[in-house]
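Colleague: Following this line is entry-v3.csv, made up of CSV, C-alpha atoms:
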```
chain,number,residue,atom,x,y,z
A,18,GLY,CA,115.5,89.5,69.8
A,19,ALA,CA,118.0,89.8,67.0
A,20,VAL,CA,117.3,87.8,63.9
A,21,VAL,CA,120.6,88.5,62.2
A,22,SER,CA,123.9,88.6,64.0
A,23,GLN,CA,126.8,90.5,62.4
A,24,HIS,CA,130.4,90.6,63.7
A,25,PRO,CA,132.5,92.5,64.3
A,26,SER,CA,130.6,95.8,64.9
A,27,TRP,CA,133.7,97.8,64.0
A,28,VAL,CA,137.2,97.0,62.9
A,29,ILE,CA,140.3,99.1,62.2
A,30,CYS,CA,143.0,97.6,60.0
A,31,LYS,CA,146.2,98.6,58.2
A,32,SER,CA,146.2,99.0,54.5
A,33,GLY,CA,146.9,95.8,52.7
A,34,THR,CA,145.5,93.5,55.2
A,35,SER,CA,142.3,91.4,54.9
A,36,VAL,CA,139.2,91.7,57.1
A,37,LYS,CA,136.5,89.1,57.5
A,38,ILE,CA,132.9,90.0,58.4
A,39,GLU,CA,130.5,87.3,59.6
A,40,CYS,CA,126.7,87.4,59.1
A,41,ARG,CA,124.6,84.7,60.9
A,42,SER,CA,120.9,84.1,60.5
A,43,LEU,CA,119.7,83.2,64.0
A,44,ASP,CA,116.0,82.4,63.3
A,45,PHE,CA,115.9,81.3,59.7
A,46,GLN,CA,117.7,79.1,57.3
A,47,ALA,CA,118.9,81.3,54.6
A,48,THR,CA,119.8,80.1,51.1
A,49,THR,CA,120.3,83.7,50.2
A,50,MET,CA,121.9,86.6,52.0
A,51,PHE,CA,122.6,90.1,50.8
A,52,TRP,CA,125.6,92.3,51.4
A,53,TYR,CA,125.3,96.1,51.3
A,54,ARG,CA,127.8,98.9,51.6
A,55,GLN,CA,127.1,102.4,52.9
A,56,PHE,CA,129.4,105.4,52.6
A,57,PRO,CA,128.9,108.4,55.0
A,58,LYS,CA,125.7,110.3,54.3
A,59,GLN,CA,124.8,108.0,51.5
A,60,SER,CA,122.2,105.3,51.0
A,61,LEU,CA,122.8,101.6,51.1
A,62,MET,CA,124.1,100.1,48.0
A,63,LEU,CA,123.8,96.4,47.2
A,64,MET,CA,127.2,94.8,46.7
A,65,ALA,CA,126.4,91.1,46.2
A,66,THR,CA,124.0,88.3,46.8
A,67,SER,CA,125.4,85.4,48.7
A,68,ASN,CA,124.1,82.0,47.7
A,69,GLU,CA,124.4,78.9,49.9
A,70,GLY,CA,126.5,76.2,48.2
A,71,SER,CA,127.2,78.2,45.1
A,72,LYS,CA,129.0,81.3,43.9
A,73,ALA,CA,127.9,84.8,44.9
A,74,THR,CA,126.4,87.2,42.5
A,75,TYR,CA,128.1,90.6,42.4
A,76,GLU,CA,126.6,93.9,41.4
A,77,GLN,CA,128.2,95.8,38.6
A,78,GLY,CA,131.3,97.6,39.6
A,79,VAL,CA,132.0,95.4,42.7
A,80,GLU,CA,135.2,93.4,42.4
A,81,LYS,CA,134.6,89.7,43.2
A,82,ASP,CA,138.3,89.1,43.8
A,83,LYS,CA,138.5,91.8,46.3
A,84,PHE,CA,135.2,91.1,48.2
A,85,LEU,CA,135.2,87.4,48.8
A,86,ILE,CA,131.9,85.9,49.8
A,87,ASN,CA,131.5,82.5,51.3
A,88,HIS,CA,128.1,81.0,52.2
A,89,ALA,CA,129.1,77.6,53.5
A,90,SER,CA,126.0,76.9,55.5
A,91,LEU,CA,122.3,77.9,55.7
A,92,THR,CA,123.0,80.2,58.6
A,93,LEU,CA,126.4,81.8,57.9
A,94,SER,CA,127.7,84.0,55.2
A,95,THR,CA,131.1,85.8,55.4
A,96,LEU,CA,132.5,88.8,53.5
A,97,THR,CA,136.2,89.1,53.3
A,98,VAL,CA,137.7,92.4,52.2
A,99,THR,CA,141.0,91.4,50.8
A,100,SER,CA,144.0,93.8,50.6
A,101,ALA,CA,142.0,96.5,52.1
A,102,HIS,CA,142.7,100.1,51.2
A,103,PRO,CA,141.5,103.4,52.7
A,104,GLU,CA,138.8,103.7,50.0
A,105,ASP,CA,137.3,100.5,51.3
A,106,SER,CA,136.5,102.2,54.6
A,107,SER,CA,132.7,102.0,54.8
A,108,PHE,CA,129.7,100.6,56.7
A,109,TYR,CA,129.0,97.0,55.6
A,110,ILE,CA,125.6,95.5,56.3
A,111,CYS,CA,124.2,92.0,55.7
A,112,SER,CA,120.6,91.1,55.4
A,113,VAL,CA,118.5,87.9,55.5
A,114,PRO,CA,115.1,87.3,53.9
A,115,GLY,CA,112.5,86.3,56.4
A,116,LEU,CA,109.9,83.5,56.2
A,117,ALA,CA,108.1,83.6,52.9
A,118,ASN,CA,110.6,86.2,51.7
A,119,GLU,CA,108.2,88.9,52.8
A,120,LYS,CA,110.7,91.2,54.4
A,121,LEU,CA,114.4,91.5,54.9
A,122,PHE,CA,116.1,91.5,58.3
A,123,PHE,CA,119.4,93.4,58.6
A,124,GLY,CA,122.5,92.9,60.7
A,125,SER,CA,123.7,95.7,62.9
A,126,GLY,CA,126.5,96.5,60.4
A,127,THR,CA,130.2,96.6,60.5
A,128,GLN,CA,132.2,99.9,60.4
A,129,LEU,CA,135.4,99.3,58.6
A,130,SER,CA,138.2,101.8,58.9
A,131,VAL,CA,141.4,101.2,56.8
A,132,LEU,CA,144.4,103.2,57.8
B,8,ASP,CA,111.0,98.0,41.0
B,9,ALA,CA,109.1,101.3,40.9
B,10,LYS,CA,111.0,104.4,41.8
B,11,THR,CA,110.0,106.4,44.9
B,12,THR,CA,110.3,110.1,45.8
B,13,GLN,CA,110.6,111.3,49.3
B,14,PRO,CA,111.5,114.7,50.9
B,15,THR,CA,115.1,114.8,51.9
B,16,SER,CA,114.4,115.9,55.5
B,17,MET,CA,111.6,116.6,58.0
B,18,ASP,CA,111.3,117.8,61.5
B,19,CYS,CA,108.7,116.8,64.1
B,20,ALA,CA,108.1,117.8,67.6
B,21,GLU,CA,108.4,115.1,70.2
B,22,GLY,CA,105.0,113.7,71.1
B,23,ARG,CA,103.4,114.8,67.9
B,24,ALA,CA,102.5,112.6,64.9
B,25,ALA,CA,105.1,112.4,62.2
B,26,ASN,CA,103.7,112.0,58.7
B,27,LEU,CA,106.2,110.9,56.1
B,28,PRO,CA,105.1,111.1,52.5
B,29,CYS,CA,106.2,109.0,49.6
B,30,ASN,CA,105.4,109.2,45.9
B,31,HIS,CA,105.4,106.1,43.8
B,32,SER,CA,103.4,107.0,40.7
B,33,THR,CA,104.8,104.2,38.5
B,34,ILE,CA,103.9,101.4,40.9
B,35,SER,CA,102.7,98.2,39.4
B,36,GLY,CA,99.8,96.2,40.5
B,37,ASN,CA,101.9,93.5,42.1
B,38,GLU,CA,104.3,95.8,43.9
B,39,TYR,CA,104.1,96.4,47.6
B,40,VAL,CA,105.0,99.5,49.5
B,41,TYR,CA,107.7,98.9,52.2
B,42,TRP,CA,109.0,101.2,54.9
B,43,TYR,CA,112.3,100.7,56.7
B,44,ARG,CA,114.2,103.1,58.9
B,45,GLN,CA,117.9,103.4,59.8
B,46,ILE,CA,119.0,104.8,63.0
B,47,HIS,CA,122.5,106.3,62.9
B,48,SER,CA,125.2,103.6,62.7
B,49,GLN,CA,122.8,100.7,62.7
B,50,GLY,CA,121.3,98.4,60.1
B,51,PRO,CA,117.9,99.2,58.7
B,52,GLN,CA,114.8,98.1,60.6
B,53,TYR,CA,111.6,96.9,59.0
B,54,ILE,CA,108.6,99.1,59.9
B,55,ILE,CA,105.6,98.1,57.9
B,56,HIS,CA,104.4,97.2,54.4
B,57,GLY,CA,101.2,97.1,52.4
B,58,LEU,CA,99.7,96.4,49.0
B,59,LYS,CA,96.6,98.6,48.8
B,60,ASN,CA,94.8,98.6,52.1
B,61,ASN,CA,95.9,100.8,55.0
B,62,GLU,CA,98.0,98.9,57.5
B,63,THR,CA,98.8,99.4,61.2
B,64,ASN,CA,101.1,97.7,63.6
B,65,GLU,CA,102.8,98.5,66.9
B,66,MET,CA,105.3,100.8,65.3
B,67,ALA,CA,103.3,102.8,62.7
B,68,SER,CA,100.4,103.2,60.3
B,69,LEU,CA,100.7,103.1,56.5
B,70,ILE,CA,98.1,105.0,54.5
B,71,ILE,CA,98.1,104.2,50.8
B,72,THR,CA,96.0,106.3,48.4
B,73,GLU,CA,93.3,104.6,46.4
B,74,ASP,CA,95.3,105.0,43.1
B,75,ARG,CA,98.3,103.6,45.0
B,76,LYS,CA,100.5,106.4,43.6
B,77,SER,CA,101.5,107.7,47.0
B,78,SER,CA,101.6,106.7,50.6
B,79,THR,CA,102.2,108.2,54.0
B,80,LEU,CA,103.9,106.6,57.0
B,81,ILE,CA,102.5,107.8,60.3
B,82,LEU,CA,104.3,107.6,63.6
B,83,PRO,CA,101.5,108.5,65.9
B,84,HIS,CA,103.5,109.9,68.8
B,85,ALA,CA,107.1,110.5,67.8
B,86,THR,CA,109.9,110.2,70.3
B,87,LEU,CA,113.5,111.3,70.2
B,88,ARG,CA,114.4,107.7,69.4
B,89,ASP,CA,112.4,107.9,66.2
B,90,THR,CA,115.1,110.2,64.8
B,91,ALA,CA,116.3,108.2,61.8
B,92,VAL,CA,116.4,108.0,58.0
B,93,TYR,CA,113.1,106.5,56.7
B,94,TYR,CA,113.1,104.7,53.4
B,95,CYS,CA,110.1,104.1,51.3
B,96,ILE,CA,110.7,101.2,48.9
B,97,VAL,CA,108.4,99.6,46.3
B,98,ARG,CA,109.0,96.1,45.3
B,99,VAL,CA,107.3,92.9,44.3
B,100,GLY,CA,106.3,91.1,47.5
B,101,ASN,CA,107.4,87.6,48.4
B,102,ALA,CA,110.0,87.7,45.8
B,103,GLY,CA,112.9,87.1,48.1
B,104,ASN,CA,114.8,89.8,46.2
B,105,MET,CA,117.1,92.4,47.6
B,106,LEU,CA,115.8,95.9,48.4
B,107,THR,CA,116.9,98.9,46.5
B,108,PHE,CA,117.3,101.9,48.8
B,109,GLY,CA,116.8,105.5,47.6
B,110,GLY,CA,117.8,108.6,49.5
B,111,GLY,CA,115.1,108.3,52.2
B,112,THR,CA,113.8,111.1,54.5
B,113,ARG,CA,115.9,112.2,57.4
B,114,LEU,CA,113.4,112.7,60.3
B,115,MET,CA,114.6,114.8,63.2
B,116,VAL,CA,112.4,114.6,66.2
B,117,LYS,CA,113.0,117.6,68.4
B,118,PRO,CA,112.2,118.1,72.1
```
Represent the structure contained in this file as structure tokens.
Modeller:
Amino acid sequence: GAVVSQHPSWVICKSGTSVKIECRSLDFQATTMFWYRQFPKQSLMLMATSNEGSKATYEQGVEKDKFLINHASLTLSTLTVTSAHPEDSSFYICSVPGLANEKLFFGSGTQLSVL
Amino acid sequence: DAKTTQPTSMDCAEGRAANLPCNHSTISGNEYVYWYRQIHSQGPQYIIHGLKNNETNEMASLIITEDRKSSTLILPHATLRDTAVYYCIVRVGNAGNMLTFGGGTRLMVKP
């Protein structure tokens, strides 16, 4: 069964609105979760590391005020794309380390389309 | 993490073995070789990983050369559902760190 639950699977929104994506760890408590972004025909790029109970760590070039991350519990991290624009249209994927941090489990991804 | 080099794309006939190569000549002694795959419009899926010994599970086999500078992922009987992008990633194991994805190999399994 799924280890990571990510919702929604896809979302279409108008430019200027905000979109929230949820990532739930079903089997493990996760003090850390990772958010990736993937543009068409490109590889996954790490956006940020979500830390339970503290601020997220963002990769260079990722705007922290635009991509708000909240990791309020050991099983839930949310990514909010604020004031979305068409260039934010992408496939967003979260991941959770497994036991002993040996491997990462990935959500099914969220396809965001901003009109 | 050490850099990896993979062919951009490969074809394989359905039912035949798919052998996906990966070069990681700068791998360090404490770095593992991981393989993930991503089926279109889905999140990546863990396949297998190893340090220096060959590994096998229900999905695939991983063959690592003795000098650890390259490896091969083997899907013994490829099916159409194995069509995906396969990523070879080298990283320190048990570190809890994120994975850095390269370009991967786009495997097309054909009938």
Colleague: Once you count all atoms listed in the file, which residues end up no further than 12 Å from (141.5, 103.5, 50.3) in the file's frame, shown as a PyMOL selection string?
Modeller: chain A and resi 30-34+98+100-107+129-132
Colleague: Atom CA of His24 of chain A to atom CA of Lys72 of chain A: how many Å, to one decimal?
Modeller: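 Distance between the two atoms: 21.9 Å.
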Colleague: To one decimal place in Å, what is the distance between atom CA of Ser42 of chain A and atom CA of Ser48 of chain B?
Modeller: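 Separation between atom CA of Ser42 of chain A and atom CA of Ser48 of chain B: 20.1 Å.
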Colleague: Considering only C-alpha atoms, return as an MDAnalysis selection string whatever protein or nucleic-acid residues lie within 8 Å of segment 82-96 of chain B, sequence-local ones (same chain, fewer than 2 positions apart) excluded.
Modeller: chainID B and resid 10:11 13 19:26 29 40:47 66:68 80 98 106:118
Colleague: Rounded to one decimal place, report the atom CA of Glu65 of chain B-atom CA of Gln52 of chain B distance in Å.
Modeller: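 Here the two named atoms are 13.6 Å from each other.
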Colleague: Can you tell me which residues surround segment 70-73 of chain B at a distance of at most 10 Å, considering all atoms listed in the file, apart from same-chain residues fewer than 2 positions away, and format the answer as JSON, numbers by chain?
Modeller: {"B": [26, 28, 29, 40, 57, 58, 59, 60, 61, 62, 63, 67, 68, 75, 76, 77, 78, 79, 80, 81]}
Colleague: Counting all atoms listed in the file, which residues of chain A fall within 9 Å of chain B, and what is the closest atom pair for each with its distance in Å at one decimal, ordered by chain and rising number, as CSV?
Modeller:
```
residue,atom,partner,partner_atom,distance
A:Thr49,CA,B:Gly103,CA,8.4
A:Met50,CA,B:Met105,CA,8.7
A:Phe51,CA,B:Met105,CA,6.8
A:Gln59,CA,B:Gly110,CA,7.3
A:Ser60,CA,B:Gly110,CA,5.7
A:Leu61,CA,B:Phe108,CA,6.0
A:Met62,CA,B:Phe108,CA,7.1
A:Leu63,CA,B:Thr107,CA,7.4
A:Thr66,CA,B:Met105,CA,8.1
A:Phe108,CA,B:Ser48,CA,8.1
A:Ile110,CA,B:Gly50,CA,6.4
A:Cys111,CA,B:Gly50,CA,8.3
A:Ser112,CA,B:Met105,CA,8.6
A:Pro114,CA,B:Gly103,CA,6.2
A:Gly115,CA,B:Gly103,CA,8.3
A:Ala117,CA,B:Asn101,CA,6.1
A:Asn118,CA,B:Gly103,CA,4.4
A:Glu119,CA,B:Asn101,CA,4.7
A:Lys120,CA,B:Tyr53,CA,7.4
A:Leu121,CA,B:Tyr53,CA,7.3
A:Phe122,CA,B:Tyr53,CA,7.1
A:Phe123,CA,B:Gly50,CA,5.6
A:Gly124,CA,B:Gly50,CA,5.7
A:Ser125,CA,B:Gly50,CA,4.6
A:Gly126,CA,B:Gly50,CA,5.5
A:Thr127,CA,B:Gln49,CA,8.7
A:Gln128,CA,B:Ser48,CA,8.2
```
Colleague: Go through A:Thr92, A:Thr99, A:Ser26, A:Asn87 and flag the residue nearest Ser67 of chain A, using all atoms listed in the file for the distances.
Modeller: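 Among the listed residues, A:Asn87 lies closest to Ser67 of chain A.
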Colleague: Which protein, DNA or RNA residues are at most 9 Å from (118.4, 77.1, 53.4) in the file's coordinates when you count all atoms listed in the file, listed as a ChimeraX atom specification?
Modeller: /A:45-49,69,90-92
Colleague: Write the residues you've just listed into a file as a tab-separated table (two decimals), in the coordinates of the input, and include C-alpha atoms for each of them.
Modeller:
```tsv
chain	number	residue	atom	x	y	z
A	45	PHE	CA	115.90	81.30	59.70
A	46	GLN	CA	117.70	79.10	57.30
A	47	ALA	CA	118.90	81.30	54.60
A	48	THR	CA	119.80	80.10	51.10
A	49	THR	CA	120.30	83.70	50.20
A	69	GLU	CA	124.40	78.90	49.90
A	90	SER	CA	126.00	76.90	55.50
A	91	LEU	CA	122.30	77.90	55.70
A	92	THR	CA	123.00	80.20	58.60
```
Colleague: Between A:Ile38, A:Val28, A:Lys58, A:Val21, which has the minimum distance to Thr95 of chain A (counting only C-alpha atoms)?
Modeller: A:Ile38
Colleague: Missing atoms in segment 39-60 of chain B: fill them in up to N, CA, C and O atoms and send the result as a JSON list (two decimals), keeping the file's coordinate frame.
Modeller:
```json
[["chain", "number", "residue", "atom", "x", "y", "z"],
["B", 39, "TYR", "N", 104.43, 95.98, 46.31],
["B", 39, "TYR", "CA", 104.10, 96.40, 47.60],
["B", 39, "TYR", "C", 104.86, 97.67, 48.00],
["B", 39, "TYR", "O", 105.94, 97.94, 47.46],
["B", 40, "VAL", "N", 104.35, 98.39, 48.98],
["B", 40, "VAL", "CA", 105.00, 99.50, 49.50],
["B", 40, "VAL", "C", 105.64, 99.13, 50.87],
["B", 40, "VAL", "O", 104.92, 98.69, 51.78],
["B", 41, "TYR", "N", 106.94, 99.23, 50.99],
["B", 41, "TYR", "CA", 107.70, 98.90, 52.20],
["B", 41, "TYR", "C", 108.25, 100.15, 52.84],
["B", 41, "TYR", "O", 108.69, 101.06, 52.14],
["B", 42, "TRP", "N", 108.29, 100.14, 54.16],
["B", 42, "TRP", "CA", 109.00, 101.20, 54.90],
["B", 42, "TRP", "C", 110.00, 100.58, 55.83],
["B", 42, "TRP", "O", 109.68, 99.66, 56.59],
["B", 43, "TYR", "N", 111.21, 101.11, 55.76],
["B", 43, "TYR", "CA", 112.30, 100.70, 56.70],
["B", 43, "TYR", "C", 112.85, 102.03, 57.26],
["B", 43, "TYR", "O", 112.69, 103.10, 56.69],
["B", 44, "ARG", "N", 113.51, 101.91, 58.37],
["B", 44, "ARG", "CA", 114.20, 103.10, 58.90],
["B", 44, "ARG", "C", 115.60, 102.64, 59.35],
["B", 44, "ARG", "O", 115.84, 101.48, 59.67],
["B", 45, "GLN", "N", 116.50, 103.61, 59.37],
["B", 45, "GLN", "CA", 117.90, 103.40, 59.80],
["B", 45, "GLN", "C", 118.29, 104.42, 60.78],
["B", 45, "GLN", "O", 118.42, 105.60, 60.42],
["B", 46, "ILE", "N", 118.45, 103.98, 61.98],
["B", 46, "ILE", "CA", 119.00, 104.80, 63.00],
["B", 46, "ILE", "C", 120.50, 104.89, 62.83],
["B", 46, "ILE", "O", 121.12, 103.91, 62.40],
["B", 47, "HIS", "N", 121.07, 106.02, 63.16],
["B", 47, "HIS", "CA", 122.50, 106.30, 62.90],
["B", 47, "HIS", "C", 123.38, 105.11, 63.33],
["B", 47, "HIS", "O", 123.29, 104.63, 64.45],
["B", 48, "SER", "N", 124.23, 104.66, 62.39],
["B", 48, "SER", "CA", 125.20, 103.60, 62.70],
["B", 48, "SER", "C", 124.62, 102.26, 63.00],
["B", 48, "SER", "O", 125.25, 101.44, 63.69],
["B", 49, "GLN", "N", 123.41, 102.03, 62.53],
["B", 49, "GLN", "CA", 122.80, 100.70, 62.70],
["B", 49, "GLN", "C", 122.28, 100.20, 61.38],
["B", 49, "GLN", "O", 122.20, 100.94, 60.40],
["B", 50, "GLY", "N", 121.92, 98.93, 61.33],
["B", 50, "GLY", "CA", 121.30, 98.40, 60.10],
["B", 50, "GLY", "C", 119.86, 98.81, 60.03],
["B", 50, "GLY", "O", 119.24, 99.18, 61.03],
["B", 51, "PRO", "N", 119.30, 98.80, 58.83],
["B", 51, "PRO", "CA", 117.90, 99.20, 58.70],
["B", 51, "PRO", "C", 116.96, 98.26, 59.44],
["B", 51, "PRO", "O", 117.26, 97.09, 59.67],
["B", 52, "GLN", "N", 115.82, 98.83, 59.81],
["B", 52, "GLN", "CA", 114.80, 98.10, 60.60],
["B", 52, "GLN", "C", 113.50, 98.15, 59.83],
["B", 52, "GLN", "O", 113.06, 99.22, 59.40],
["B", 53, "TYR", "N", 112.88, 97.01, 59.66],
["B", 53, "TYR", "CA", 111.60, 96.90, 59.00],
["B", 53, "TYR", "C", 110.53, 97.64, 59.86],
["B", 53, "TYR", "O", 110.51, 97.50, 61.09],
["B", 54, "ILE", "N", 109.66, 98.42, 59.19],
["B", 54, "ILE", "CA", 108.60, 99.10, 59.90],
["B", 54, "ILE", "C", 107.24, 98.47, 59.55],
["B", 54, "ILE", "O", 106.50, 97.99, 60.40],
["B", 55, "ILE", "N", 106.91, 98.52, 58.27],
["B", 55, "ILE", "CA", 105.60, 98.10, 57.90],
["B", 55, "ILE", "C", 105.56, 97.97, 56.35],
["B", 55, "ILE", "O", 106.44, 98.49, 55.65],
["B", 56, "HIS", "N", 104.58, 97.24, 55.82],
["B", 56, "HIS", "CA", 104.40, 97.20, 54.40],
["B", 56, "HIS", "C", 102.95, 96.96, 54.05],
["B", 56, "HIS", "O", 102.17, 96.47, 54.90],
["B", 57, "GLY", "N", 102.56, 97.28, 52.82],
["B", 57, "GLY", "CA", 101.20, 97.10, 52.40],
["B", 57, "GLY", "C", 101.07, 97.04, 50.90],
["B", 57, "GLY", "O", 101.96, 97.49, 50.18],
["B", 58, "LEU", "N", 99.94, 96.54, 50.44],
["B", 58, "LEU", "CA", 99.70, 96.40, 49.00],
["B", 58, "LEU", "C", 98.73, 97.54, 48.56],
["B", 58, "LEU", "O", 99.05, 98.35, 47.69],
["B", 59, "LYS", "N", 97.54, 97.56, 49.13],
["B", 59, "LYS", "CA", 96.60, 98.60, 48.80],
["B", 59, "LYS", "C", 95.74, 99.05, 49.97],
["B", 59, "LYS", "O", 95.24, 100.17, 49.99],
["B", 60, "ASN", "N", 95.59, 98.19, 50.94],
["B", 60, "ASN", "CA", 94.80, 98.60, 52.10],
["B", 60, "ASN", "C", 95.73, 99.27, 53.14],
["B", 60, "ASN", "O", 96.94, 99.05, 53.16]]
```
